[in-house]
Amino acid sequence: MRPVIIAGNWKMNGLPAEAGPLAAAIAAAMPHPDVVRVLCPPFVSLAAVDAALAGTGVAVGAQDVHAEGAGAYTGGVSAAMLAGLATWCIVGHSERRRDQGETDELIGHKLLRCREAGLRPILCVGEQLAEREAGQAEATVQAQLAGALRVVTAAGGFPDDLVVAYEPVWAIGTGRTARGADASAMADAIRVTAAALGAPADGSRLPVLYGGSVTSASAGEFLAEPAIDGALVGGASLKVDEMAGIVARAAVTAQARLEAAGAA
Ligand code: PGA
């Protein structure tokens with residue numbers, strides 16, 4: 001049985017002084033231990049959020065990590081630096097691919113750094129609108145996945161704690177979402193590629209999240225799909241009521257999975 005995971009990506013929003021109270025308020029509004037809940041604040045707010053979430057069961061994630069372990073990389077933050085503050089880490093977000101020119105190969109090295117430091121990675125993949133319209137969505141996502149994961153598998157096998165977030169670029173921050181059925185088909189394609197790269201159990205244990213304009217109103221469309229294991233939430237993750245609604249819906253799916261596993 002795969003877990004149901006809701007991760008909030010705060011992106012570059014909020015000040016450190018605001019982050020702790022916001023995290024505490026969100027955690028209190030999503031009291032569903034059956035759902036794996038993660039909040040990913042900016043680097044400078046990790047310590048405040050880590051302190052605010054102590055004892056809540058909500059985990060802390062970073063939004064990025066440097067591809068190198070240490071050295072003359074001004075402004076960089078290494079995996080070892082994050083390890084005391086976070087247990088999860090987003091890598092390969094489309095905003096970093098776009099703004100920092102991150103390549104699949106570089107992202108693969110970030111996955112390696114996560115493995116060394118014991119950070120659980122959420123690897124983001126997703127196609128542009130033109131790629132979807134050209135019928136290239138699955139091929140694009142599969143190439144992103146393979147490009148990053150090849151670096152990791154060559155250095156010691158498939159990362160067994162990997163989570164993949166399918167985030168179509170045209171759905172991020174636009175208010176437009178994929179259709180549940182399309183996201184589900186993409187999750188299947190992701191697991192096919194993962195299996196070819198050596199994922200255990202033919203990829204069937206790999207959690208795949210959907211991301212892109214997820215709100216409490218749209219979350220059900222994805223959480224109703226058996227192939228989708230949760231959501232990576234951007235804008236709505238800064239709002240207490242939205243996160244409460246999204247995680248409450250996720251808890252319904254988590255409960256149904258527990259019951260199905262118990263009946264089997
Ligand atoms: P959004 O962002 O929910 O604001 O579209 C999602 C993401 O970028 O992870």
# chains A, B, ... in the order shown; residues from 1 in each chain; ligands from 1
>>> closest_atom_pairs(of="chain A", to="ligand 1", cutoff="9 Å", atoms="only C-alpha atoms and all ligand atoms", output="Markdown table")
| residue | atom | partner | partner_atom_place_in_ligand_line | distance |
| --- | --- | --- | --- | --- |
| A:Ala7 | CA | ligand 1 | 9 (O) | 8.7 |
| A:Gly8 | CA | ligand 1 | 9 (O) | 7.6 |
| A:Asn9 | CA | ligand 1 | 9 (O) | 5.8 |
| A:Trp10 | CA | ligand 1 | 9 (O) | 8.5 |
| A:Lys11 | CA | ligand 1 | 8 (O) | 7.8 |
| A:His93 | CA | ligand 1 | 8 (O) | 7.0 |
| A:Ser94 | CA | ligand 1 | 8 (O) | 7.3 |
| A:Glu95 | CA | ligand 1 | 8 (O) | 7.3 |
| A:Cys124 | CA | ligand 1 | 9 (O) | 8.1 |
| A:Ala165 | CA | ligand 1 | 9 (O) | 8.2 |
| A:Glu167 | CA | ligand 1 | 9 (O) | 6.9 |
| A:Val169 | CA | ligand 1 | 8 (O) | 8.2 |
| A:Trp170 | CA | ligand 1 | 5 (O) | 8.9 |
| A:Ala171 | CA | ligand 1 | 5 (O) | 6.0 |
| A:Ile172 | CA | ligand 1 | 5 (O) | 3.4 |
| A:Gly173 | CA | ligand 1 | 5 (O) | 3.5 |
| A:Thr174 | CA | ligand 1 | 5 (O) | 6.3 |
| A:Gly175 | CA | ligand 1 | 5 (O) | 6.9 |
| A:Arg176 | CA | ligand 1 | 5 (O) | 8.2 |
| A:Thr177 | CA | ligand 1 | 5 (O) | 8.2 |
| A:Tyr210 | CA | ligand 1 | 9 (O) | 8.8 |
| A:Gly211 | CA | ligand 1 | 6 (C) | 5.1 |
| A:Gly212 | CA | ligand 1 | 5 (O) | 3.8 |
| A:Ser213 | CA | ligand 1 | 5 (O) | 3.5 |
| A:Val214 | CA | ligand 1 | 3 (O) | 5.0 |
| A:Thr215 | CA | ligand 1 | 3 (O) | 7.3 |
| A:Ala231 | CA | ligand 1 | 9 (O) | 8.6 |
| A:Leu232 | CA | ligand 1 | 9 (O) | 5.2 |
| A:Val233 | CA | ligand 1 | 3 (O) | 4.3 |
| A:Gly234 | CA | ligand 1 | 3 (O) | 3.3 |
| A:Gly235 | CA | ligand 1 | 4 (O) | 3.8 |
| A:Ala236 | CA | ligand 1 | 3 (O) | 6.1 |
| A:Ser237 | CA | ligand 1 | 3 (O) | 7.5 |
>>> closest_atom_pairs(of="range 74-105 of chain A", to="range 114-117 of chain A", cutoff="12 Å", atoms="only C-alpha atoms", output="JSON lines")
{"residue": "A:Val77", "atom": "CA", "partner": "A:Cys114", "partner_atom": "CA", "distance": 12.0}
{"residue": "A:Ser78", "atom": "CA", "partner": "A:Ala117", "partner_atom": "CA", "distance": 9.2}
{"residue": "A:Ala79", "atom": "CA", "partner": "A:Ala117", "partner_atom": "CA", "distance": 5.7}
{"residue": "A:Ala80", "atom": "CA", "partner": "A:Ala117", "partner_atom": "CA", "distance": 5.5}
{"residue": "A:Met81", "atom": "CA", "partner": "A:Ala117", "partner_atom": "CA", "distance": 8.9}
{"residue": "A:Leu82", "atom": "CA", "partner": "A:Ala117", "partner_atom": "CA", "distance": 8.3}
{"residue": "A:Ala83", "atom": "CA", "partner": "A:Ala117", "partner_atom": "CA", "distance": 6.1}
{"residue": "A:Gly84", "atom": "CA", "partner": "A:Ala117", "partner_atom": "CA", "distance": 9.6}
{"residue": "A:Leu85", "atom": "CA", "partner": "A:Ala117", "partner_atom": "CA", "distance": 11.5}
{"residue": "A:Ala86", "atom": "CA", "partner": "A:Ala117", "partner_atom": "CA", "distance": 10.4}
{"residue": "A:Thr87", "atom": "CA", "partner": "A:Ala117", "partner_atom": "CA", "distance": 9.2}
{"residue": "A:Trp88", "atom": "CA", "partner": "A:Cys114", "partner_atom": "CA", "distance": 8.5}
{"residue": "A:Cys89", "atom": "CA", "partner": "A:Cys114", "partner_atom": "CA", "distance": 7.4}
{"residue": "A:Ile90", "atom": "CA", "partner": "A:Cys114", "partner_atom": "CA", "distance": 9.7}
{"residue": "A:Val91", "atom": "CA", "partner": "A:Cys114", "partner_atom": "CA", "distance": 9.1}
>>> select_by_dssp(residues="range 14-248 of chain A", states="strand (DSSP E or B)", output="PyMOL selection string")
chain A and resi 35-40+59-62+88-91+120-125+163-166+208-211+230-233
>>> residues_around(residues="His66 in chain A", least_positions_apart="3", cutoff="9 Å", atoms="only C-alpha atoms", output="VMD selection string")
chain A and resid 69 to 70 73 76 to 79 109 to 110 113
>>> write_last_selection(atoms="N, CA and C atoms", output="tab-separated table (two decimals), in the first residue's frame")
chain	number	residue	atom	x	y	z
A	69	GLY	N	28.54	18.80	-2.55
A	69	GLY	CA	28.48	18.56	-1.11
A	69	GLY	C	28.98	19.71	-0.27
A	70	ALA	N	29.97	20.45	-0.76
A	70	ALA	CA	30.56	21.56	-0.02
A	70	ALA	C	31.51	22.29	-0.97
A	73	TYR	N	30.84	27.71	-3.36
A	73	TYR	CA	29.58	27.88	-4.10
A	73	TYR	C	28.76	28.94	-3.36
A	76	GLY	N	25.16	28.89	-1.89
A	76	GLY	CA	24.65	27.51	-1.93
A	76	GLY	C	24.32	26.98	-0.55
A	77	VAL	N	23.43	26.00	-0.51
A	77	VAL	CA	23.06	25.33	0.73
A	77	VAL	C	23.18	23.83	0.49
A	78	SER	N	24.02	23.18	1.28
A	78	SER	CA	24.29	21.76	1.05
A	78	SER	C	23.28	20.86	1.74
A	79	ALA	N	23.25	19.61	1.30
A	79	ALA	CA	22.35	18.63	1.91
A	79	ALA	C	22.69	18.41	3.38
A	109	HIS	N	22.41	14.86	-9.62
A	109	HIS	CA	23.41	15.04	-8.56
A	109	HIS	C	22.77	15.55	-7.27
A	110	LYS	N	21.72	16.33	-7.39
A	110	LYS	CA	20.99	16.76	-6.19
A	110	LYS	C	20.35	15.55	-5.50
A	113	ARG	N	22.99	13.89	-3.51
A	113	ARG	CA	23.27	14.60	-2.25
A	113	ARG	C	22.17	14.31	-1.22
>>> closest_residue(among="A:Ala194, A:Gln63, A:Glu131, A:Ala227", to="Arg257 in chain A", atoms="only C-alpha atoms")
A:Ala227
>>> residues_around(residues="Glu127 in chain A", least_positions_apart="2", cutoff="7 Å", atoms="only C-alpha atoms", output="PyMOL selection string")
chain A and resi 129+131-132+137+140-141+168-169
>>> write_last_selection(atoms="N, CA, C and O atoms", output="compact mmCIF listing (two decimals), in the first residue's frame")
# COMPACT_ATOMS: atom_id res chain seq x y z
N LEU A 129 3.21 23.21 -22.12
CA LEU A 129 1.95 23.10 -22.87
C LEU A 129 2.20 22.66 -24.31
O LEU A 129 1.50 21.78 -24.84
N GLU A 131 4.50 20.88 -25.46
CA GLU A 131 4.86 19.45 -25.50
C GLU A 131 3.62 18.58 -25.37
O GLU A 131 3.49 17.56 -26.04
N ARG A 132 2.70 18.99 -24.52
CA ARG A 132 1.45 18.22 -24.40
C ARG A 132 0.66 18.30 -25.70
O ARG A 132 0.16 17.28 -26.19
N ALA A 137 3.91 14.72 -24.13
CA ALA A 137 3.94 14.89 -22.67
C ALA A 137 4.64 13.72 -21.98
O ALA A 137 5.54 13.91 -21.16
N THR A 140 8.37 13.46 -22.73
CA THR A 140 9.13 14.51 -22.05
C THR A 140 9.36 14.16 -20.59
O THR A 140 10.49 14.24 -20.09
N VAL A 141 8.30 13.75 -19.93
CA VAL A 141 8.40 13.44 -18.50
C VAL A 141 9.29 12.20 -18.29
O VAL A 141 10.13 12.17 -17.37
N PRO A 168 2.58 19.40 -14.46
CA PRO A 168 2.60 20.01 -15.79
C PRO A 168 2.87 21.51 -15.67
O PRO A 168 2.21 22.19 -14.88
N VAL A 169 3.85 22.00 -16.41
CA VAL A 169 4.30 23.38 -16.23
C VAL A 169 3.16 24.36 -16.47
O VAL A 169 3.02 25.38 -15.79
>>> atom_distance(atom1="CA of Ala199 in chain A", atom2="CA of Ala134 in chain A")
28.8 Å
>>> atom_distance(atom1="CA of Ala154 in chain A", atom2="CA of Thr193 in chain A")
15.4 Å
>>> select_by_dssp(residues="range 79-264 of chain A", states="helix (DSSP H, G or I)", output="PyMOL selection string")
chain A and resi 79-83+94-99+104-117+129-133+137-154+169-171+180-196+200-203+219-223+235-238+240-263
>>> residues_around(residues="Ala244 in chain A", least_positions_apart="3", cutoff="7 Å", atoms="only C-alpha atoms", output="compact mmCIF listing (two decimals) with C-alpha atoms, in the first residue's frame")
# COMPACT_ATOMS: atom_id res chain seq x y z
CA ALA A 29 -5.81 22.51 10.89
CA MET A 30 -4.73 19.17 9.38
CA VAL A 240 -4.72 27.47 6.50
CA ASP A 241 -8.24 26.73 5.25
CA VAL A 247 -5.57 17.19 3.79
CA ALA A 248 -9.10 16.32 4.93
